[in-house]
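Visitor: My questions will all concern the structure given below.
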Amino acid sequence: MRSLLVHFFDYVNAVVLVYFIVSAAVYTTLMFISLYTVTLHSRIARRLGYGNLGDSPVTPPVTLIIPAYNEEDAIVQTASAMLELNYPEKEVIVVDDGSTDHTAMRMVQHFKLQRVERVYREFIPAQRPLVFYLNPEIPGLLLVSKENGGKSDALNVGINIARSPYFCTVDADSIIEKDALLRLMAPVVHSNVNTVVSGGVVRIANGSTMDKAMVRQIAMPKTWLERCQVVEYIRTFLFGRPGWNSLGATFICSGAFCLLNKEAVIQAGGFSRDTVTEDIDMIAKLHRDLKEKGRKYRMVFTTDPVCWTEAPHDLGTLAKQRRRWQLGLMQTVMRHDKMIFNPRFGATGMLSMPFHAYVEALGCVIEAVGTLLLPFSLFFSSMPLWFFAMVILLAVSYGTVLSMASVLLADATVRRYPRYRDLWILMAYTLFENLGYRQIITFYRAQGVLQYFTGKHKWEVVKHGGFAARAQAAAPEPRPVEAARA
Amino acid sequence: MRKAWLFLTNRVILGMVLFLALMAAWEFRVRPEYFPQTLVETDSR
């Protein structure tokens with residue numbers, strides 16, 4: 001019996017060790033690629049600039065689509081901020097996805113919108129809009145009301161209405177820097193290949209001061225959980241995504257702030273309604289559709305366009321968020337599994353998809369099982385204690401070095417925190433992020449994978465606390481006009 | 001039935017099962033000679 005246990009724990013340890021070596025090797029490669037490309041992009045962006053795009057006649061028009069479900073606290077501020085973005089030709093479409101609160105009413109009151117008739121053509125199957133609202137004095141803003149059908153459905157309605165060749169998906173509770181849309185469009189304009197996706201960096205606004213949906217004073221959040229997430233976001237957006245992008249294998253682009261080519265999205269069938277992370281699924285769909293049709297295309301990820309978002313304040317909310325992300329990733333890799341190790345799909349099929357399927361999606365289960373069984377492995381495994389200690393030390397210190405390097409890279413290229421003290425705080429938190437935070441997140445992610453296999457594919461509502469409320473506090477209170485929606 | 005077959009032949013599942021099976025083969029078949037030594041070491045600890 002004991003011999004079998006020894007065998008079993010040796011086996012578990014070997015699996016965890018191989019997983020660690022493979023993931024560490026990939027992350028190290030991505031790190032070196034990112035160090036080079038992010039620095040290079042930063043230099044080029046500084047020299048070329050993007051200011052000329054603001055006046056250029058060739059800068060394509062963009063539609064900003066804001067799906068909103070029960071966003072009465074933030075929607076007016078977000079829509080106002082979108083209208084004030086530095087971009088020559090843009091339209092803002094707010095899609096009220098059957099909110100049960102006063103999302104539409106607040107928009108109608110604040111922007112003095114009137115009910116209008118619009119021709120609606122369905123390029124992508126979606127629920128039909130019920131009412132259109134427009135203020136002739138603000139022609140760039142359109143409010144659409146529809147019955148609740150989920151975020152993907154709301155986005156598809158927005159795409160059907162959009163008149164521009166490009167559209168940008170924006171979360172109703174996110175804040176976009178004034179020049180971010182221009183920066184997002186710069187690689188599209190400068191490219192001679194059809195660029196179908198352009199993504200930017202999402203950073204955490206917790207702790208910063210907001211005013212009229214603009215980040216006025218950037219500051220470090222106060223709690224350890226938020227600070228760990230700051231480090232995690234910096235590492236993901238500066239080391240992971242630019243690395244994959246350089247290999248031509250972009251797989252994830254945050255839906256909170258992502259520019260997409262309308263025609264390509266329509267051809268791919270629009271956003272899937274049966275997934276909890278429609279943004280990840282969209283990228284896979286685009287890769288699949290365009291490769292199958294033999295089209296030449298490009299997806300870009302740049303580190304200078306910044307969108308600020310509110311991160312969960314407590315463990316419960318964080319758990320819901322991470323479970324949903326993991327469940328969505330599982331849905332995407334399982335659905336597009338034919339791309340895995342398929343040379344037809346280039347670097348995406350041969351590198352990015354397998355990595356995201358086996359390391360990012362399922363790897364967390366191996367990591368969680370390894371962590372859970374660690375105390376037993378110490379007793380039963382044939383591996384000596386010093387070996388365990390060394391591997392754990394190596395894993396934690398390697399993760400810390402990776403996070404430290406990304407924080408330093410962020411400071412050197414896309415620095416936002418004004419005080420040097422913040423840099424040192426972040427450097428200190430790179431250790432906590434790898435020792436404590438990472439293990440907690442691993443279990444939430446493993447739960448997400450479990451949800452996939454047990455068939456609990458529901459969207460867990462993530463409530464955001466202070467961010468929207470702060471934005472609302474800065475907004476003038478609308479007068480109650482009950483008849484406005486009628 | 002078809003659903004179960006599609007699930008089992010999914011490359012994500014197949015790849016993971018293959019990886020775990022290969023590791024098991026290595027652990028239980030390739031290095032059995034390591035096993036007695038292992039027991040001695042574990043017991044002495």
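We name chains A, B, ... following the order of the structure tokens; residues begin at 1 in each chain, and ligands are numbered from 1 as shown.
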Skipping near chain neighbours, those fewer than 2 positions away, what residues fall within 12 Å of Phe453 of chain A using only C-alpha atoms, listed as number ranges by chain?

Guide: A: 326-327, 330-331, 334, 362, 446-451, 455-457; B: 7, 13

Visitor: With a distance cut-off of 8 Å and only C-alpha atoms, select the neighbouring residues of segment 17-25 of chain A, excluding the residue or stretch itself and same-chain residues fewer than 6 positions from it, and output the selection as an MDAnalysis selection string.

Guide: chainID A and resid 359 363 366 395

Visitor: Those same residues - C-alpha atoms - I'd like them written as an mmCIF file, in the first residue's frame.

Guide:
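Generated output (again20.cif):
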data_model
loop_
_atom_site.group_PDB
_atom_site.id
_atom_site.type_symbol
_atom_site.label_atom_id
_atom_site.label_comp_id
_atom_site.auth_asym_id
_atom_site.auth_seq_id
_atom_site.Cartn_x
_atom_site.Cartn_y
_atom_site.Cartn_z
ATOM 1 C CA VAL A 359 -1.006 25.690 -19.251
ATOM 2 C CA GLY A 363 -2.628 24.097 -15.704
ATOM 3 C CA ILE A 366 -2.379 20.742 -11.785
ATOM 4 C CA ALA A 395 9.097 28.636 -8.265
#

Visitor: Find the residues near Met23 of chain B: any atom within 8 Å, counting only C-alpha atoms, skip ones fewer than 4 places away on the same chain, and give them as an MDAnalysis selection string.

Guide: (chainID A and resid 11 14:15) or (chainID B and resid 19 27)

Visitor: Each residue of chain A lying at most 12 Å from chain B should get a row with its shortest atom-to-atom pair and the distance in Å to one decimal, counting only C-alpha atoms; could you produce that, ordered by chain and increasing number, as a Markdown table?

Guide:
| residue | atom | partner | partner_atom | distance |
| --- | --- | --- | --- | --- |
| A:Met1 | CA | B:Leu39 | CA | 11.6 |
| A:Arg2 | CA | B:Leu39 | CA | 8.6 |
| A:Ser3 | CA | B:Leu39 | CA | 7.1 |
| A:Leu4 | CA | B:Phe28 | CA | 9.6 |
| A:Leu5 | CA | B:Leu39 | CA | 10.7 |
| A:Val6 | CA | B:Leu39 | CA | 7.9 |
| A:His7 | CA | B:Phe28 | CA | 7.1 |
| A:Phe8 | CA | B:Glu27 | CA | 8.6 |
| A:Phe9 | CA | B:Glu27 | CA | 10.1 |
| A:Asp10 | CA | B:Glu27 | CA | 7.4 |
| A:Tyr11 | CA | B:Glu27 | CA | 5.9 |
| A:Val12 | CA | B:Met23 | CA | 9.1 |
| A:Asn13 | CA | B:Met23 | CA | 10.3 |
| A:Ala14 | CA | B:Met23 | CA | 7.4 |
| A:Val15 | CA | B:Met23 | CA | 6.7 |
| A:Val16 | CA | B:Met23 | CA | 10.5 |
| A:Leu17 | CA | B:Met23 | CA | 10.9 |
| A:Val18 | CA | B:Met23 | CA | 9.2 |
| A:Tyr19 | CA | B:Phe19 | CA | 10.2 |
| A:Leu329 | CA | B:Val12 | CA | 11.8 |
| A:Met330 | CA | B:Val12 | CA | 9.2 |
| A:Gln331 | CA | B:Val12 | CA | 10.8 |
| A:Thr332 | CA | B:Val12 | CA | 10.7 |
| A:Val333 | CA | B:Val12 | CA | 7.2 |
| A:Met334 | CA | B:Val12 | CA | 6.3 |
| A:Arg335 | CA | B:Asn10 | CA | 8.7 |
| A:His336 | CA | B:Arg11 | CA | 9.2 |
| A:Asp337 | CA | B:Arg11 | CA | 5.5 |
| A:Lys338 | CA | B:Arg11 | CA | 6.9 |
| A:Met339 | CA | B:Arg11 | CA | 8.9 |
| A:Ile340 | CA | B:Arg11 | CA | 6.8 |
| A:Phe341 | CA | B:Arg11 | CA | 8.8 |
| A:Asn342 | CA | B:Arg11 | CA | 10.5 |
| A:Gly349 | CA | B:Arg11 | CA | 11.8 |
| A:Met353 | CA | B:Val12 | CA | 9.7 |
| A:Pro354 | CA | B:Val12 | CA | 8.1 |
| A:Phe355 | CA | B:Val12 | CA | 10.5 |
| A:His356 | CA | B:Val12 | CA | 10.0 |
| A:Ala357 | CA | B:Val12 | CA | 6.3 |
| A:Tyr358 | CA | B:Met16 | CA | 6.9 |
| A:Val359 | CA | B:Met16 | CA | 10.1 |
| A:Glu360 | CA | B:Val12 | CA | 11.8 |
| A:Ala361 | CA | B:Val12 | CA | 9.5 |
| A:Leu362 | CA | B:Met16 | CA | 8.2 |
| A:Gly363 | CA | B:Met16 | CA | 9.7 |
| A:Val365 | CA | B:Met16 | CA | 11.4 |
| A:Ile366 | CA | B:Leu20 | CA | 10.4 |
| A:Ser377 | CA | B:Thr42 | CA | 11.2 |
| A:Leu378 | CA | B:Thr42 | CA | 10.0 |
| A:Phe379 | CA | B:Thr42 | CA | 7.9 |
| A:Phe380 | CA | B:Thr42 | CA | 7.2 |
| A:Ser381 | CA | B:Thr42 | CA | 7.6 |
| A:Ser382 | CA | B:Thr38 | CA | 5.2 |
| A:Met383 | CA | B:Thr38 | CA | 8.3 |
| A:Pro384 | CA | B:Glu41 | CA | 8.5 |
| A:Leu385 | CA | B:Arg45 | CA | 9.7 |
| A:Phe453 | CA | B:Phe7 | CA | 10.3 |

Visitor: Counting only C-alpha atoms, which of A:Leu247, A:Leu85, A:Ile204, A:Ile159 gets nearest to Arg183 of chain A?

Guide: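 Closest to Arg183 of chain A, using only C-alpha atoms: A:Leu85.
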
Visitor: Contacts of Leu35 of chain A at 12 Å or less, counting only C-alpha atoms, minus same-chain residues fewer than 6 places along, as a CSV table (one decimal) with N, CA and C atoms, in the first residue's frame?

Guide:
chain,number,residue,atom,x,y,z
A,27,TYR,N,7.2,31.4,-20.3
A,27,TYR,CA,7.1,32.8,-19.7
A,27,TYR,C,8.5,33.5,-19.9
A,28,THR,N,9.6,32.7,-19.7
A,28,THR,CA,10.9,33.3,-19.9
A,28,THR,C,11.1,33.8,-21.3
A,29,THR,N,10.6,33.0,-22.3
A,29,THR,CA,10.8,33.4,-23.7
A,29,THR,C,9.9,34.7,-23.9
A,41,HIS,N,8.8,49.6,-28.9
A,41,HIS,CA,7.5,50.3,-29.2
A,41,HIS,C,7.4,51.7,-28.5
A,42,SER,N,7.9,51.7,-27.3
A,42,SER,CA,7.9,52.9,-26.5
A,42,SER,C,8.7,54.0,-27.2
A,235,ARG,N,2.1,42.6,-15.1
A,235,ARG,CA,2.8,41.5,-15.6
A,235,ARG,C,2.1,40.9,-16.8
A,238,LEU,N,2.2,43.5,-19.8
A,238,LEU,CA,3.4,43.9,-20.3
A,238,LEU,C,4.3,42.8,-20.7
A,239,PHE,N,4.1,41.6,-20.1
A,239,PHE,CA,4.9,40.5,-20.5
A,239,PHE,C,4.2,39.4,-21.3
A,240,GLY,N,3.0,39.2,-20.9
A,240,GLY,CA,2.3,38.1,-21.6
A,240,GLY,C,1.8,38.5,-23.0
A,241,ARG,N,0.9,39.5,-23.0
A,241,ARG,CA,0.3,39.8,-24.3
A,241,ARG,C,1.2,40.4,-25.4
A,242,PRO,N,2.1,41.3,-25.0
A,242,PRO,CA,3.0,41.8,-26.1
A,242,PRO,C,3.9,40.7,-26.6
A,243,GLY,N,4.2,39.7,-25.8
A,243,GLY,CA,5.0,38.6,-26.2
A,243,GLY,C,4.3,37.8,-27.3
A,246,SER,N,4.0,39.7,-30.5
A,246,SER,CA,5.2,39.7,-31.4
A,246,SER,C,5.3,38.4,-32.2
A,303,THR,N,1.2,48.8,-25.8
A,303,THR,CA,1.2,49.0,-24.4
A,303,THR,C,0.9,50.5,-24.0
A,402,LEU,N,10.1,37.6,-12.3
A,402,LEU,CA,9.3,37.9,-13.5
A,402,LEU,C,8.4,39.1,-13.2
A,405,ALA,N,10.6,42.3,-12.9
A,405,ALA,CA,11.0,42.8,-14.2
A,405,ALA,C,9.9,43.5,-15.0
A,406,SER,N,8.6,43.0,-14.8
A,406,SER,CA,7.5,43.7,-15.5
A,406,SER,C,7.2,45.0,-14.9
A,407,VAL,N,7.3,45.1,-13.5
A,407,VAL,CA,7.1,46.4,-12.9
A,407,VAL,C,8.1,47.4,-13.3
A,408,LEU,N,9.4,47.0,-13.4
A,408,LEU,CA,10.5,47.9,-13.8
A,408,LEU,C,10.3,48.3,-15.3
A,409,LEU,N,9.8,47.3,-16.1
A,409,LEU,CA,9.6,47.7,-17.5
A,409,LEU,C,8.4,48.7,-17.6
A,410,ALA,N,7.4,48.5,-16.8
A,410,ALA,CA,6.3,49.4,-16.8
A,410,ALA,C,6.7,50.8,-16.4
A,412,ALA,N,9.7,52.0,-16.7
A,412,ALA,CA,10.6,52.6,-17.7
A,412,ALA,C,9.8,53.0,-19.0
A,413,THR,N,8.7,52.4,-19.3
A,413,THR,CA,8.0,52.7,-20.6
A,413,THR,C,6.7,53.3,-20.4

Visitor: From the set A:Thr277, A:Asn148, A:Ser164, A:Ser352, which residue has the shortest atom-to-atom contact distance to Leu130 of chain A, counting only C-alpha atoms?

Guide: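 For Leu130 of chain A, the nearest of the given residues is A:Asn148.
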
Visitor: What gap, in Å, lies between atom CA of Phe257 of chain A and atom CA of Thr169 of chain A?

Guide: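 Between atom CA of Phe257 of chain A and atom CA of Thr169 of chain A the gap is 5.6 Å.
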
Visitor: Per residue of segment 188-291 of chain A within 8 Å of segment 152-155 of chain A, note the shortest atom pair and the distance in Å to one decimal, counting only C-alpha atoms, and order the rows by chain and increasing residue number, as a tab-separated table.

Guide:
residue	atom	partner	partner_atom	distance
A:Phe271	CA	A:Ser152	CA	5.3
A:Ser272	CA	A:Ser152	CA	6.2
A:Arg273	CA	A:Ser152	CA	5.3
A:Glu278	CA	A:Ser152	CA	6.3
